[in-house]
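Here's entry_38.pdb, which has PDB, C-alpha atoms:
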ATOM      1  CA  MET A   1       0.000   0.000   0.000
ATOM      2  CA  ALA A   2       1.376   3.390  -0.903
ATOM      3  CA  HIS A   3       2.553   5.481   2.034
ATOM      4  CA  HIS A   4       0.744   8.769   2.603
ATOM      5  CA  ASP A   5       2.101  11.498   4.818
ATOM      6  CA  THR A   6      -0.221  12.576   7.582
ATOM      7  CA  PRO A   7      -1.709  15.956   6.702
ATOM      8  CA  ARG A   8      -0.242  18.797   8.747
ATOM      9  CA  PRO A   9      -2.848  20.208  11.137
ATOM     10  CA  ILE A  10      -4.219  23.540  10.075
ATOM     11  CA  ARG A  11      -3.527  25.002  13.519
ATOM     12  CA  SER A  12       0.220  24.437  13.041
ATOM     13  CA  LEU A  13       0.378  26.740  10.024
ATOM     14  CA  THR A  14       1.829  30.118  10.726
ATOM     15  CA  ARG A  15      -0.272  33.176   9.869
ATOM     16  CA  ARG A  16       2.063  33.987   6.972
ATOM     17  CA  THR A  17       1.878  30.442   5.563
ATOM     18  CA  ALA A  18      -1.906  30.437   5.832
ATOM     19  CA  LEU A  19      -2.154  33.761   4.019
ATOM     20  CA  ALA A  20       0.163  32.585   1.237
ATOM     21  CA  THR A  21      -1.842  29.400   0.832
ATOM     22  CA  ALA A  22      -5.124  31.308   0.645
ATOM     23  CA  LEU A  23      -3.802  33.705  -1.984
ATOM     24  CA  SER A  24      -2.581  30.842  -4.146
ATOM     25  CA  LEU A  25      -6.026  29.219  -4.308
ATOM     26  CA  PRO A  26      -8.715  30.240  -6.832
ATOM     27  CA  ALA A  27     -11.494  32.380  -5.465
ATOM     28  CA  PHE A  28     -14.487  30.357  -4.339
ATOM     29  CA  ARG A  29     -17.631  30.871  -6.394
ATOM     30  CA  PRO A  30     -20.868  29.075  -5.603
ATOM     31  CA  ALA A  31     -21.815  26.614  -8.328
ATOM     32  CA  GLN A  32     -24.810  27.763 -10.326
ATOM     33  CA  ALA A  33     -27.349  25.161 -11.302
ATOM     34  CA  ALA A  34     -27.615  24.706 -15.048
ATOM     35  CA  GLY A  35     -30.953  25.555 -16.608
ATOM     36  CA  PHE A  36     -33.259  22.810 -17.794
ATOM     37  CA  PRO A  37     -32.720  21.647 -21.413
ATOM     38  CA  ALA A  38     -35.007  23.230 -24.015
ATOM     39  CA  LEU A  39     -35.111  23.149 -27.811
ATOM     40  CA  ALA A  40     -36.353  25.569 -30.466
ATOM     41  CA  SER A  41     -36.743  24.532 -34.070
ATOM     42  CA  PHE A  42     -34.649  27.405 -35.453
ATOM     43  CA  SER A  43     -32.496  30.323 -34.381
ATOM     44  CA  ILE A  44     -35.143  33.078 -34.354
ATOM     45  CA  LEU A  45     -37.378  31.153 -31.953
ATOM     46  CA  ALA A  46     -34.366  30.198 -29.834
ATOM     47  CA  ASP A  47     -33.494  33.869 -29.332
ATOM     48  CA  MET A  48     -37.050  34.811 -28.390
ATOM     49  CA  LEU A  49     -37.138  31.951 -25.903
ATOM     50  CA  ARG A  50     -33.830  33.036 -24.330
ATOM     51  CA  GLN A  51     -35.169  36.547 -23.786
ATOM     52  CA  ILE A  52     -37.986  35.126 -21.674
ATOM     53  CA  ALA A  53     -36.250  32.185 -19.992
ATOM     54  CA  GLY A  54     -33.073  33.937 -18.892
ATOM     55  CA  ASP A  55     -30.788  31.487 -17.106
ATOM     56  CA  ALA A  56     -33.638  29.107 -16.256
ATOM     57  CA  ALA A  57     -33.136  27.105 -19.463
ATOM     58  CA  GLU A  58     -30.266  25.912 -21.624
ATOM     59  CA  ILE A  59     -31.680  26.518 -25.103
ATOM     60  CA  THR A  60     -30.520  24.878 -28.328
ATOM     61  CA  ALA A  61     -31.711  25.651 -31.858
ATOM     62  CA  LEU A  62     -32.055  22.572 -34.062
ATOM     63  CA  VAL A  63     -31.405  24.788 -37.104
ATOM     64  CA  GLY A  64     -28.778  27.347 -36.220
ATOM     65  CA  PRO A  65     -27.813  30.821 -37.487
ATOM     66  CA  ASP A  66     -27.375  31.210 -41.252
ATOM     67  CA  GLN A  67     -28.850  27.741 -41.825
ATOM     68  CA  ASP A  68     -31.763  26.848 -44.092
ATOM     69  CA  LEU A  69     -34.750  25.596 -42.149
ATOM     70  CA  HIS A  70     -36.462  24.348 -45.316
ATOM     71  CA  GLY A  71     -33.791  21.747 -46.022
ATOM     72  CA  PHE A  72     -33.349  20.537 -42.437
ATOM     73  CA  THR A  73     -32.771  16.812 -41.923
ATOM     74  CA  PRO A  74     -32.701  15.666 -38.270
ATOM     75  CA  ARG A  75     -29.522  13.944 -37.063
ATOM     76  CA  PRO A  76     -29.181  11.233 -34.394
ATOM     77  CA  SER A  77     -27.831  13.908 -32.020
ATOM     78  CA  ASP A  78     -31.083  15.846 -32.462
ATOM     79  CA  LEU A  79     -33.054  12.816 -31.306
ATOM     80  CA  LEU A  80     -30.918  12.645 -28.179
ATOM     81  CA  ARG A  81     -31.356  16.367 -27.460
ATOM     82  CA  LEU A  82     -35.102  16.112 -27.875
ATOM     83  CA  ARG A  83     -35.326  13.017 -25.682
ATOM     84  CA  GLN A  84     -33.615  14.946 -22.892
ATOM     85  CA  ALA A  85     -35.457  18.247 -23.376
ATOM     86  CA  ARG A  86     -38.202  19.426 -21.042
ATOM     87  CA  LEU A  87     -39.507  21.982 -23.557
ATOM     88  CA  MET A  88     -39.697  22.143 -27.348
ATOM     89  CA  VAL A  89     -40.854  25.200 -29.310
ATOM     90  CA  ILE A  90     -41.797  25.167 -32.978
ATOM     91  CA  ASN A  91     -43.261  27.881 -35.189
ATOM     92  CA  GLY A  92     -46.154  25.871 -36.600
ATOM     93  CA  LEU A  93     -48.285  26.884 -39.615
ATOM     94  CA  GLY A  94     -46.721  24.016 -41.553
ATOM     95  CA  LEU A  95     -43.158  25.338 -41.361
ATOM     96  CA  GLU A  96     -41.583  22.353 -39.581
ATOM     97  CA  SER A  97     -43.060  19.368 -41.414
ATOM     98  CA  TRP A  98     -40.573  17.116 -39.641
ATOM     99  CA  ALA A  99     -41.370  18.155 -36.065
ATOM    100  CA  GLU A 100     -44.100  15.641 -35.191
ATOM    101  CA  SER A 101     -42.243  12.598 -36.521
ATOM    102  CA  LEU A 102     -39.032  13.767 -34.813
ATOM    103  CA  ALA A 103     -40.811  14.104 -31.469
ATOM    104  CA  GLN A 104     -42.350  10.655 -31.834
ATOM    105  CA  SER A 105     -39.040   9.058 -32.813
ATOM    106  CA  ALA A 106     -37.308  10.679 -29.841
ATOM    107  CA  GLY A 107     -40.034   9.689 -27.406
ATOM    108  CA  PHE A 108     -40.352  13.346 -26.379
ATOM    109  CA  SER A 109     -42.412  13.680 -23.207
ATOM    110  CA  GLY A 110     -41.836  17.342 -22.328
ATOM    111  CA  VAL A 111     -43.854  20.495 -22.914
ATOM    112  CA  ALA A 112     -44.576  21.176 -26.612
ATOM    113  CA  VAL A 113     -45.213  24.790 -27.677
ATOM    114  CA  VAL A 114     -46.521  26.004 -31.033
ATOM    115  CA  ALA A 115     -45.412  29.635 -31.052
ATOM    116  CA  THR A 116     -48.038  30.826 -33.554
ATOM    117  CA  ARG A 117     -50.989  29.337 -31.687
ATOM    118  CA  GLY A 118     -53.882  31.783 -31.868
ATOM    119  CA  LEU A 119     -52.437  33.883 -34.698
ATOM    120  CA  ALA A 120     -54.454  34.727 -37.797
ATOM    121  CA  ALA A 121     -52.197  33.461 -40.599
ATOM    122  CA  LEU A 122     -51.940  34.994 -44.044
ATOM    123  CA  PRO A 123     -52.823  32.777 -47.006
ATOM    124  CA  SER A 124     -49.716  31.781 -48.949
ATOM    125  CA  GLY A 125     -48.691  34.277 -51.593
ATOM    126  CA  GLN A 126     -51.476  36.739 -50.778
ATOM    127  CA  HIS A 127     -49.856  39.963 -49.615
ATOM    128  CA  LYS A 128     -48.765  43.299 -51.009
ATOM    129  CA  GLY A 129     -46.948  42.845 -54.318
ATOM    130  CA  SER A 130     -47.340  39.079 -54.453
ATOM    131  CA  ASP A 131     -49.758  39.069 -57.370
ATOM    132  CA  THR A 132     -46.856  39.570 -59.772
ATOM    133  CA  GLY A 133     -44.497  36.990 -58.295
ATOM    134  CA  PRO A 134     -44.105  33.198 -58.556
ATOM    135  CA  SER A 135     -46.788  31.038 -56.980
ATOM    136  CA  HIS A 136     -44.688  28.413 -55.164
ATOM    137  CA  ALA A 137     -45.667  27.971 -51.517
ATOM    138  CA  HIS A 138     -45.335  25.943 -48.302
ATOM    139  CA  GLY A 139     -49.054  25.221 -48.190
ATOM    140  CA  ALA A 140     -52.330  26.983 -47.570
ATOM    141  CA  VAL A 141     -50.848  29.587 -45.211
ATOM    142  CA  ASP A 142     -47.666  31.627 -45.012
ATOM    143  CA  PRO A 143     -45.698  30.461 -41.941
ATOM    144  CA  HIS A 144     -43.280  33.438 -41.680
ATOM    145  CA  ALA A 145     -45.428  35.278 -39.128
ATOM    146  CA  TRP A 146     -42.443  36.586 -37.130
ATOM    147  CA  GLN A 147     -41.731  39.074 -39.944
ATOM    148  CA  ASP A 148     -44.461  41.291 -38.452
ATOM    149  CA  VAL A 149     -43.163  42.460 -35.074
ATOM    150  CA  GLY A 150     -46.764  42.854 -33.938
ATOM    151  CA  ASN A 151     -47.176  39.081 -34.156
ATOM    152  CA  ALA A 152     -44.400  38.594 -31.619
ATOM    153  CA  ARG A 153     -46.987  39.220 -28.891
ATOM    154  CA  ALA A 154     -48.518  35.786 -29.613
ATOM    155  CA  TYR A 155     -45.089  34.164 -29.821
ATOM    156  CA  ILE A 156     -44.137  35.572 -26.427
ATOM    157  CA  ALA A 157     -47.439  34.604 -24.775
ATOM    158  CA  ASN A 158     -47.206  31.015 -25.997
ATOM    159  CA  MET A 159     -43.545  30.637 -25.027
ATOM    160  CA  THR A 160     -44.135  32.150 -21.595
ATOM    161  CA  ALA A 161     -47.000  29.751 -20.915
ATOM    162  CA  GLY A 162     -44.816  26.827 -22.030
ATOM    163  CA  LEU A 163     -41.921  27.878 -19.800
ATOM    164  CA  ALA A 164     -44.279  28.211 -16.852
ATOM    165  CA  ARG A 165     -45.503  24.647 -17.417
ATOM    166  CA  ALA A 166     -41.940  23.352 -17.651
ATOM    167  CA  GLU A 167     -40.724  25.269 -14.562
ATOM    168  CA  PRO A 168     -43.742  26.435 -12.508
ATOM    169  CA  SER A 169     -41.633  27.811  -9.647
ATOM    170  CA  ARG A 170     -40.234  30.537 -11.937
ATOM    171  CA  GLU A 171     -43.441  31.596 -13.657
ATOM    172  CA  GLY A 172     -43.341  35.084 -12.125
ATOM    173  CA  GLU A 173     -39.821  35.624 -13.429
ATOM    174  CA  PHE A 174     -40.804  34.460 -16.906
ATOM    175  CA  ARG A 175     -43.771  36.807 -17.011
ATOM    176  CA  GLN A 176     -41.679  39.735 -15.830
ATOM    177  CA  ARG A 177     -39.030  39.130 -18.475
ATOM    178  CA  ALA A 178     -41.703  38.642 -21.145
ATOM    179  CA  ALA A 179     -43.301  41.994 -20.277
ATOM    180  CA  ALA A 180     -39.948  43.780 -20.502
ATOM    181  CA  TYR A 181     -39.187  42.097 -23.819
ATOM    182  CA  GLN A 182     -42.597  43.061 -25.184
ATOM    183  CA  GLN A 183     -41.905  46.720 -24.392
ATOM    184  CA  ARG A 184     -38.707  46.556 -26.461
ATOM    185  CA  LEU A 185     -40.613  44.946 -29.328
ATOM    186  CA  ASP A 186     -43.350  47.579 -29.198
ATOM    187  CA  ALA A 187     -40.674  50.283 -29.545
ATOM    188  CA  LEU A 188     -39.099  48.379 -32.457
ATOM    189  CA  ASP A 189     -42.454  48.152 -34.233
ATOM    190  CA  VAL A 190     -42.902  51.929 -33.957
ATOM    191  CA  ASP A 191     -39.382  52.502 -35.330
ATOM    192  CA  ILE A 192     -39.918  50.237 -38.350
ATOM    193  CA  ARG A 193     -43.208  51.927 -39.197
ATOM    194  CA  ALA A 194     -41.488  55.309 -39.084
ATOM    195  CA  MET A 195     -38.642  54.112 -41.340
ATOM    196  CA  MET A 196     -41.065  52.787 -43.967
ATOM    197  CA  ALA A 197     -43.373  55.803 -43.768
ATOM    198  CA  ALA A 198     -40.423  58.067 -44.635
ATOM    199  CA  ILE A 199     -40.161  56.377 -48.069
ATOM    200  CA  PRO A 200     -42.626  57.499 -50.767
ATOM    201  CA  ARG A 201     -45.166  54.711 -51.307
ATOM    202  CA  ALA A 202     -44.369  54.329 -55.005
ATOM    203  CA  ARG A 203     -40.781  53.369 -54.146
ATOM    204  CA  ARG A 204     -41.648  50.585 -51.708
ATOM    205  CA  ARG A 205     -41.343  47.709 -54.185
ATOM    206  CA  ILE A 206     -38.482  45.205 -53.979
ATOM    207  CA  LEU A 207     -37.370  41.736 -55.079
ATOM    208  CA  THR A 208     -36.024  39.081 -52.686
ATOM    209  CA  THR A 209     -34.716  35.538 -53.002
ATOM    210  CA  HIS A 210     -37.882  33.866 -51.720
ATOM    211  CA  ASP A 211     -41.285  35.049 -50.594
ATOM    212  CA  ALA A 212     -40.683  35.138 -46.839
ATOM    213  CA  PHE A 213     -41.696  38.752 -46.175
ATOM    214  CA  GLY A 214     -45.464  38.642 -46.633
ATOM    215  CA  TYR A 215     -46.165  39.647 -43.029
ATOM    216  CA  PHE A 216     -43.603  42.467 -43.214
ATOM    217  CA  ALA A 217     -45.275  43.607 -46.447
ATOM    218  CA  ASP A 218     -48.742  43.750 -44.916
ATOM    219  CA  ALA A 219     -47.651  45.263 -41.605
ATOM    220  CA  TYR A 220     -45.364  47.967 -42.986
ATOM    221  CA  ASP A 221     -46.913  48.627 -46.419
ATOM    222  CA  VAL A 222     -44.067  47.430 -48.669
ATOM    223  CA  ASP A 223     -44.374  45.355 -51.862
ATOM    224  CA  PHE A 224     -42.204  42.215 -51.837
ATOM    225  CA  ILE A 225     -41.756  39.819 -54.733
ATOM    226  CA  GLY A 226     -39.965  36.515 -54.072
ATOM    227  CA  VAL A 227     -38.080  34.962 -56.978
ATOM    228  CA  GLN A 228     -38.585  31.465 -55.494
ATOM    229  CA  GLY A 229     -41.980  31.809 -53.858
ATOM    230  CA  THR A 230     -42.186  30.840 -50.189
ATOM    231  CA  SER A 231     -39.945  27.800 -50.632
ATOM    232  CA  LEU A 232     -36.220  27.908 -51.388
ATOM    233  CA  THR A 233     -36.497  24.586 -53.211
ATOM    234  CA  ALA A 234     -38.774  25.923 -55.976
ATOM    235  CA  GLU A 235     -37.435  27.609 -59.099
ATOM    236  CA  PRO A 236     -39.315  30.292 -61.071
ATOM    237  CA  SER A 237     -40.476  29.320 -64.540
ATOM    238  CA  PRO A 238     -38.967  31.040 -67.631
ATOM    239  CA  ARG A 239     -42.201  33.012 -67.996
ATOM    240  CA  GLU A 240     -42.009  34.243 -64.389
ATOM    241  CA  MET A 241     -38.357  35.196 -64.822
ATOM    242  CA  ALA A 242     -39.155  37.146 -67.985
ATOM    243  CA  ARG A 243     -41.954  38.995 -66.185
ATOM    244  CA  LEU A 244     -39.679  39.948 -63.286
ATOM    245  CA  ILE A 245     -36.954  41.189 -65.617
ATOM    246  CA  SER A 246     -39.506  43.251 -67.532
ATOM    247  CA  GLN A 247     -40.772  44.858 -64.325
ATOM    248  CA  ILE A 248     -37.274  45.799 -63.238
ATOM    249  CA  ARG A 249     -36.453  47.332 -66.610
ATOM    250  CA  THR A 250     -39.600  49.463 -66.489
ATOM    251  CA  GLY A 251     -38.680  50.703 -63.036
ATOM    252  CA  SER A 252     -41.556  49.172 -61.081
ATOM    253  CA  ILE A 253     -39.173  47.169 -58.869
ATOM    254  CA  ARG A 254     -36.782  49.447 -57.017
ATOM    255  CA  ALA A 255     -34.134  47.112 -55.569
ATOM    256  CA  LEU A 256     -32.992  43.491 -55.257
ATOM    257  CA  PHE A 257     -32.045  41.885 -51.954
ATOM    258  CA  PHE A 258     -30.118  38.726 -51.137
ATOM    259  CA  GLU A 259     -30.965  36.555 -48.133
ATOM    260  CA  ASN A 260     -28.405  35.264 -45.684
ATOM    261  CA  MET A 261     -29.019  31.525 -46.018
ATOM    262  CA  SER A 262     -29.773  31.244 -49.756
ATOM    263  CA  ALA A 263     -27.602  31.192 -52.844
ATOM    264  CA  PRO A 264     -27.612  34.547 -54.692
ATOM    265  CA  THR A 265     -27.323  32.989 -58.179
ATOM    266  CA  LEU A 266     -30.775  33.923 -59.461
ATOM    267  CA  LEU A 267     -30.645  37.501 -58.223
ATOM    268  CA  ARG A 268     -27.144  37.988 -59.618
ATOM    269  CA  GLN A 269     -28.441  36.769 -62.975
ATOM    270  CA  ILE A 270     -31.361  39.191 -62.859
ATOM    271  CA  ALA A 271     -29.133  42.078 -61.768
ATOM    272  CA  SER A 272     -26.685  41.314 -64.577
ATOM    273  CA  GLU A 273     -29.416  41.313 -67.207
ATOM    274  CA  THR A 274     -31.165  44.426 -65.969
ATOM    275  CA  GLY A 275     -28.504  46.530 -64.277
ATOM    276  CA  ALA A 276     -30.735  46.611 -61.198
ATOM    277  CA  ARG A 277     -29.394  47.820 -57.886
ATOM    278  CA  ILE A 278     -28.491  45.224 -55.248
ATOM    279  CA  GLY A 279     -29.832  46.653 -52.000
ATOM    280  CA  GLY A 280     -28.017  44.351 -49.586
ATOM    281  CA  THR A 281     -28.688  41.234 -47.528
ATOM    282  CA  LEU A 282     -31.875  40.562 -45.585
ATOM    283  CA  TYR A 283     -32.456  37.963 -42.885
ATOM    284  CA  ALA A 284     -35.662  35.980 -43.302
ATOM    285  CA  ASP A 285     -35.628  32.511 -41.737
ATOM    286  CA  ALA A 286     -32.387  32.566 -39.739
ATOM    287  CA  LEU A 287     -30.354  34.921 -37.589
ATOM    288  CA  SER A 288     -26.749  35.799 -38.324
ATOM    289  CA  GLY A 289     -23.902  34.479 -36.201
ATOM    290  CA  PRO A 290     -23.004  36.290 -32.963
ATOM    291  CA  SER A 291     -20.705  38.773 -34.738
ATOM    292  CA  GLY A 292     -23.183  39.512 -37.543
ATOM    293  CA  PRO A 293     -25.743  42.315 -37.865
ATOM    294  CA  ALA A 294     -28.730  40.113 -36.987
ATOM    295  CA  SER A 295     -27.689  38.010 -34.014
ATOM    296  CA  THR A 296     -31.016  38.538 -32.211
ATOM    297  CA  TYR A 297     -34.599  38.860 -33.412
ATOM    298  CA  ILE A 298     -34.672  42.568 -32.588
ATOM    299  CA  ASP A 299     -31.355  43.159 -34.352
ATOM    300  CA  MET A 300     -32.590  41.171 -37.359
ATOM    301  CA  MET A 301     -35.801  43.149 -37.791
ATOM    302  CA  ARG A 302     -34.028  46.482 -37.303
ATOM    303  CA  HIS A 303     -31.287  45.501 -39.780
ATOM    304  CA  ASN A 304     -33.840  44.465 -42.404
ATOM    305  CA  ALA A 305     -35.837  47.674 -42.035
ATOM    306  CA  ARG A 306     -32.740  49.890 -42.212
ATOM    307  CA  THR A 307     -31.349  48.003 -45.217
ATOM    308  CA  ILE A 308     -34.636  48.350 -47.076
ATOM    309  CA  ALA A 309     -35.019  52.029 -46.170
ATOM    310  CA  GLU A 310     -31.494  52.912 -47.280
ATOM    311  CA  ALA A 311     -31.915  51.119 -50.626
ATOM    312  CA  LEU A 312     -35.261  52.725 -51.438
ATOM    313  CA  ARG A 313     -34.427  56.337 -50.621
TER     314      ARG A 313
END
For the structure just supplied, provide its representation as structure tokens.
Amino acid sequence: MAHHDTPRPIRSLTRRTALATALSLPAFRPAQAAGFPALASFSILADMLRQIAGDAAEITALVGPDQDLHGFTPRPSDLLRLRQARLMVINGLGLESWAESLAQSAGFSGVAVVATRGLAALPSGQHKGSDTGPSHAHGAVDPHAWQDVGNARAYIANMTAGLARAEPSREGEFRQRAAAYQQRLDALDVDIRAMMAAIPRARRRILTTHDAFGYFADAYDVDFIGVQGTSLTAEPSPREMARLISQIRTGSIRALFFENMSAPTLLRQIASETGARIGGTLYADALSGPSGPASTYIDMMRHNARTIAEALR
């Protein structure tokens, strides 16, 4: 058996030795309990959930920043995360077609939240400017409801209720944080309306990669045309492309915008053929990374509004 020296009694240490020993040790910090595991289907919902949950939950987005939600294929690690999660938040309105089967495969038994529950959804492709664009769609309704900041009230209410079910002892904290977050969103909504109102109405007509801005269009009175409809997997027909190019050449479309998680090939082709102005990059279905201009939902909406306003002046 290995020999161990008998520890020297603390009382035999001199005051100087005790002080030196104390200074050489790391400062004691009480361990903080980790939050309960929670999942959001994509980065925008994950950020909203973090604003309400604070440190009560460890939140993971299944589809992260700058990633395409439409082409998401669950991995085995996602099944494990979902099996361990106490809360899962999805957008709903047909956006996450894979969510139900994923939850069943994982044996998810936690709290399930549909963030758009109670919202009045727009029919697919039926918004300002959409009558001239391609007709590809997710389904009967447009799922991109977060693009109207006013709709965030329903998102916040549904997430707050879900958090309270998952962690009842902190319901008061969740509701307090939700109220503070809602005040910031109300101020953002006012700012966006002011930015759009400063642009003459005839100039508020733009082209984007896909038709994800229907709610922004209706809320803030801007015409959006999506080259690829509401799905990034659908291509415009030659007739639709010719119509778009004709509209740009006649001046009825003011600017073209890329999106962060989609290839810019089609818009570059249109810009090359028409000499149209590229207005910048918008964020539709995903946030930017932490160092980007749209790392939170509020930053994303403000960035989009400013980018549009600057291009249309």
Selection under test: the PyMOL selection byres ((chain A and resi 175) around 12); residues as a PyMOL selection string: chain A and resi 51-54+156-164+168-174+176-182
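The residue that comes closest to Ile248 in chain A, out of A:Leu122, A:Ala187, A:Leu87, A:Ala276 and on the basis of all atoms listed in the file, is A:Ala276.
Between Ala194 in chain A and the residues A:Arg306, A:Arg277, A:Arg86, A:Arg153, the shortest atom-to-atom distance, using only C-alpha atoms, involves A:Arg306.
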Here is a test: counting all atoms listed in the file, which residue of A:Ser97, A:Ser105, A:Asn304, A:Thr116 is nearest to Leu80 in chain A? A:Ser105
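When the PyMOL selection byres ((chain A and resi 120) around 12) is evaluated against the file, it yields Leu93, Thr116, Arg117, Gly118, Leu119, Ala121, Leu122, Pro123, Val141, Asp142, Pro143, His144, Ala145, Asp148, Gly150, Asn151, Ala154 and Tyr215 of chain A.
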Export C-alpha atoms of the chosen residues as a JSON list (two decimals), keeping the file's coordinate frame?
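This went into selection_5.json:
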[["chain", "number", "residue", "atom", "x", "y", "z"],
["A", 93, "LEU", "CA", -48.28, 26.88, -39.62],
["A", 116, "THR", "CA", -48.04, 30.83, -33.55],
["A", 117, "ARG", "CA", -50.99, 29.34, -31.69],
["A", 118, "GLY", "CA", -53.88, 31.78, -31.87],
["A", 119, "LEU", "CA", -52.44, 33.88, -34.70],
["A", 121, "ALA", "CA", -52.20, 33.46, -40.60],
["A", 122, "LEU", "CA", -51.94, 34.99, -44.04],
["A", 123, "PRO", "CA", -52.82, 32.78, -47.01],
["A", 141, "VAL", "CA", -50.85, 29.59, -45.21],
["A", 142, "ASP", "CA", -47.67, 31.63, -45.01],
["A", 143, "PRO", "CA", -45.70, 30.46, -41.94],
["A", 144, "HIS", "CA", -43.28, 33.44, -41.68],
["A", 145, "ALA", "CA", -45.43, 35.28, -39.13],
["A", 148, "ASP", "CA", -44.46, 41.29, -38.45],
["A", 150, "GLY", "CA", -46.76, 42.85, -33.94],
["A", 151, "ASN", "CA", -47.18, 39.08, -34.16],
["A", 154, "ALA", "CA", -48.52, 35.79, -29.61],
["A", 215, "TYR", "CA", -46.16, 39.65, -43.03]]
Using all atoms listed in the file, the best pick from A:Met48, A:Ala255, A:Ala166, A:Val149 as closest to Phe216 in chain A would be A:Val149
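With only C-alpha atoms as the atoms that count, the minimum distance from Ala38 in chain A to the choices A:Ala103, A:Ala212, A:Ala112, A:Ile245 is reached by A:Ala112.
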From the set A:Ile298, A:Leu207, A:Ala286, A:Ile308, which residue has the shortest atom-to-atom contact distance to Ile253 in chain A, counting all atoms listed in the file? A:Leu207
Quick one: pull the distance between CA of Val114 in chain A and CA of Gly292 in chain A, Å, one decimal. 27.7 Å
Once you add 4 Å to each side, what are the centre and edge lengths of the axis-aligned box holding all listed atoms of range 81-88 of chain A? One decimal in Å, as lines of an AutoDock Vina configuration file, if you can.
center_x = -35.5
center_y = 17.6
center_z = -24.5
size_x = 16.3
size_y = 17.1
size_z = 14.8
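From CA of His303 in chain A back to CA of Ala57 in chain A, the distance works out to 27.5 Å.
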Separating CA of Asp68 in chain A from CA of Asp223 in chain A, to the nearest tenth of an Å, is a gap of 23.7 Å
